[in-house]
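Right, one structure below, let's go through it.
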Amino acid sequence: MREQLLLFCNWSTLGVCAALKLPQIAAVLAARSARGISLPSLLLELAGFLVFLRYQCYYEYPLLTYLEYPVLIAQDALLLLCVFHFNGNVKGAAPYLAVFVASWFVLPLQKWIIDLAMQE
């Protein structure tokens, strides 16, 4: 019974996270405007998700403990592209995406780097 409850909690969390940003993305697409979305806030959230996901992968935690993070990162990346698209500067997203991709590879180079990134 305990295992089934844990499995249900894991998959329900994944389901909720899969739909977390969809209403916001739908609203941005319907309004054809990114007005009201804070770019720094979105970038900070995306960076936090990325660091946490990389930390979990680095220390080889069980997949079900962080499976929702790739979904959240994909949704934030899509929202980021929408923000730049509706602000008329899609190419402006390239430096941010390059930094996030580079950080994926830089974070695990040394143990102290990833540990430092996860400190409070």
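Residue names in the structure tokens use chain letters A, B, ... in the order shown, residue numbers from 1 in each chain, and ligand numbers from 1 in the order shown.
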
*List the neighbours of A:Ile37 out to 12 Å using only C-alpha atoms; skip same-chain residues closer than 6 positions along the sequence, and give me the result as a list of chain:residue names.*
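The residues that qualify are A:Gln24, A:Ile25, A:Ala27, A:Val28, A:Leu43, A:Asp76, A:Leu79, A:Leu80, A:Cys82, A:Val83, A:Phe84, A:Phe86, A:Asn87.
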
*Write out as a ChimeraX atom specification the residues lying within 10 Å of A:Phe52, counting only C-alpha atoms and excluding same-chain residues fewer than 2 positions away.*
/A:46-50,54-58,66,69,114,117-118

Write out the residues from the selection above, keeping N, CA and C atoms, as a compact mmCIF listing (two decimals), in the first residue's frame.
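Okay, this is what ended up in result22.txt:
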# COMPACT_ATOMS: atom_id res chain seq x y z
N LEU A 46 13.96 29.56 -14.44
CA LEU A 46 14.58 28.62 -15.37
C LEU A 46 15.97 28.21 -14.89
N ALA A 47 16.74 29.16 -14.39
CA ALA A 47 18.07 28.86 -13.86
C ALA A 47 17.98 27.94 -12.65
N GLY A 48 17.04 28.21 -11.77
CA GLY A 48 16.86 27.37 -10.59
C GLY A 48 16.48 25.95 -10.95
N PHE A 49 15.57 25.80 -11.89
CA PHE A 49 15.17 24.46 -12.34
C PHE A 49 16.36 23.73 -12.96
N LEU A 50 17.12 24.44 -13.76
CA LEU A 50 18.26 23.83 -14.45
C LEU A 50 19.34 23.36 -13.47
N ARG A 54 20.35 19.46 -12.81
CA ARG A 54 21.73 19.01 -13.02
C ARG A 54 22.30 18.41 -11.74
N TYR A 55 21.97 18.99 -10.61
CA TYR A 55 22.42 18.47 -9.32
C TYR A 55 21.88 17.06 -9.09
N GLN A 56 20.62 16.87 -9.37
CA GLN A 56 19.98 15.56 -9.19
C GLN A 56 20.62 14.52 -10.12
N CYS A 57 20.89 14.91 -11.35
CA CYS A 57 21.53 14.00 -12.31
C CYS A 57 22.96 13.68 -11.87
N TYR A 58 23.67 14.69 -11.42
CA TYR A 58 25.08 14.53 -11.04
C TYR A 58 25.22 13.51 -9.90
N TYR A 66 12.96 13.62 -9.59
CA TYR A 66 13.15 14.89 -10.31
C TYR A 66 12.61 14.85 -11.74
N TYR A 69 11.15 18.09 -13.50
CA TYR A 69 11.97 19.25 -13.85
C TYR A 69 12.25 19.40 -15.34
N ILE A 114 29.05 22.46 -8.69
CA ILE A 114 27.63 22.11 -8.57
C ILE A 114 27.15 22.25 -7.13
N ALA A 117 26.55 25.93 -6.55
CA ALA A 117 25.34 26.38 -7.23
C ALA A 117 24.09 26.00 -6.44
N MET A 118 24.16 24.92 -5.67
CA MET A 118 22.98 24.48 -4.91
C MET A 118 22.90 25.06 -3.51

*Nearby residues (only C-alpha atoms) at most 12 Å from A:His85, same-chain spacing under 4 positions excluded, as a list in words*: Val28, Leu29, Arg32, Ser33, Ala34, Arg35, Leu78, Leu79, Leu80, Leu81, Asn89, Val90, Lys91, Gly92, Ala93 and Ala94 of chain A

*Work out how far apart atom CA of A:Leu6 and atom CA of A:Leu22 are and give it in Å to one decimal.*
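These atoms are spaced 25.5 Å apart.
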
*Smallest atom-to-atom distance to A:Leu20: which of A:Tyr59, A:Ile73, A:Gln4, A:Ser41, using only C-alpha atoms?*
A:Ile73

*Kindly give the distance, in Å, that separates atom CA of A:Gln75 and atom CA of A:Lys21, rounded to a single decimal.*
6.2 Å

*Kindly indicate which residue among A:Met1, A:Ala77, A:Leu109, A:Leu14 lies nearest to A:Leu64, using only C-alpha atoms for the distances.*
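Ranking A:Met1, A:Ala77, A:Leu109, A:Leu14 by distance to A:Leu64, first place goes to A:Leu14.
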
*How would you write, as a PyMOL selection string, the set of residues in chain A that DSSP gives as helix (DSSP H, G or I)?*
chain A and resi 2-18+22-31+39-58+63-65+68-86+90-106+111-118

*Mind pulling up the distance from atom CA of A:Gly15 to atom CA of A:Leu53?*
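About the pair atom CA of A:Leu53 and atom CA of A:Gly15: they are 17.6 Å apart.
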
_Measuring between only C-alpha atoms, which one of A:Leu42, A:Val101, A:Leu7, A:Ala31 shows the shortest distance to A:Leu72?_
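Counting only C-alpha atoms, the residue closest to A:Leu72 is A:Leu42.
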